[in-house]
Amino acid sequence: MTEEPTHHHMVADNVQIKLEMPAVDTKVISPEELRAGAIVQPEPWMVRHLMDHPEVMRDLSPWEFQVYMAALLEKKWGRNVELGPRGKDGGVDIKAERPGEFGPELMLVQCKHPRPGKPVGIDTVWLLHLQVIKQDATRGLLVTDSRFTRNALQEIQASRYRMEGADGDRIRQWLEAFRGRNA
């Protein structure tokens, strides 16, 4: 039996997005709940849809991309995830904390959803690394659905014990792994 497509609307700060997706039960959250840090869970149907239609991710706003990455991080690592403020955030979009074997671990995450073809540069890596040091975090993760410049990749590699990068290919691997666990 095939599911009939339905139009889902995502509303945040008076911006409305219309996506055609399979019909499912959904929980609607208010813009106030979204601003307060409500996490939108990456439901298996949503992951399947993004895997089957990767162009949909390009249609997300930077804020929606950040919210979705927070949800994936929460599912992937079982971390306590907190969304940062919208707009100017000092280089940290998401804080993800979990208990570790040797004490609590804090990961600071910067999400970049640039225009198509625009890579993420070294300045973004430096800013996140500075925040990792200032906030005494365990590690920093720079996530983009694009790619990194050569200098940015070299800097991430040079700081590999405290910094990590995840580009569009890696996000697709996460989605595929998540889809496989929830098939």
# chains A, B, ... in the order shown; residues from 1 in each chain; ligands from 1
$ residues_around --residues "A:Glu105" --least-positions-apart "6" --cutoff "9 Å" --atoms "only C-alpha atoms" --output "ChimeraX atom specification"
/A:96-99,137-139
$ closest_residue --among "A:Ile133, A:Ile122, A:Leu128, A:Ala177" --to "A:Arg150" --atoms "only C-alpha atoms"
A:Ile122
$ select_by_dssp --residues "stretch 38-136 of chain A" --states "alpha helix (DSSP H)" --output "ChimeraX atom specification"
/A:44-52,55-58,62-77,122-134
$ write_last_selection --atoms "C-alpha atoms" --output "short mmCIF file (atom, residue, chain, number, x, y, z; two decimals), in the first residue's frame"
data_model
loop_
_atom_site.label_atom_id
_atom_site.label_comp_id
_atom_site.auth_asym_id
_atom_site.auth_seq_id
_atom_site.Cartn_x
_atom_site.Cartn_y
_atom_site.Cartn_z
CA PRO A 44 11.90 7.43 10.27
CA TRP A 45 9.54 8.73 7.53
CA MET A 46 11.34 12.09 7.58
CA VAL A 47 14.75 10.42 7.26
CA ARG A 48 13.46 8.24 4.40
CA HIS A 49 12.08 11.31 2.69
CA LEU A 50 15.38 13.19 3.01
CA MET A 51 17.30 10.14 1.76
CA ASP A 52 14.98 9.74 -1.23
CA GLU A 55 17.26 18.27 -2.54
CA VAL A 56 14.68 18.92 0.20
CA MET A 57 17.52 19.57 2.68
CA ARG A 58 18.69 22.41 0.43
CA PRO A 62 19.51 27.85 8.12
CA TRP A 63 17.41 27.70 11.32
CA GLU A 64 15.48 24.62 10.15
CA PHE A 65 18.79 22.97 9.20
CA GLN A 66 20.09 23.70 12.71
CA VAL A 67 16.95 22.26 14.33
CA TYR A 68 17.17 19.14 12.18
CA MET A 69 20.88 18.65 12.97
CA ALA A 70 20.11 18.96 16.70
CA ALA A 71 17.50 16.23 16.35
CA LEU A 72 19.92 13.96 14.46
CA LEU A 73 22.62 14.49 17.09
CA GLU A 74 20.18 13.64 19.85
CA LYS A 75 19.18 10.42 18.06
CA LYS A 76 22.72 9.50 16.96
CA TRP A 77 24.54 9.97 20.25
CA ILE A 122 38.82 28.31 8.05
CA ASP A 123 37.37 31.33 9.93
CA THR A 124 34.37 29.24 10.96
CA VAL A 125 36.67 26.47 12.22
CA TRP A 126 38.73 28.99 14.22
CA LEU A 127 35.64 30.55 15.81
CA LEU A 128 34.23 27.19 16.91
CA HIS A 129 37.65 26.05 18.19
CA LEU A 130 37.90 29.26 20.24
CA GLN A 131 34.49 28.53 21.79
CA VAL A 132 35.54 24.94 22.59
CA ILE A 133 38.52 26.32 24.51
CA LYS A 134 36.59 29.17 26.20
#
$ closest_atom_pairs --of "stretch 81-142 of chain A" --to "stretch 153-176 of chain A" --cutoff "6 Å" --atoms "only C-alpha atoms" --output "Markdown table"
| residue | atom | partner | partner_atom | distance |
| --- | --- | --- | --- | --- |
| A:Arg139 | CA | A:Arg162 | CA | 4.4 |
| A:Gly140 | CA | A:Met163 | CA | 4.7 |
| A:Leu141 | CA | A:Glu164 | CA | 4.8 |
| A:Leu142 | CA | A:Gly165 | CA | 4.8 |
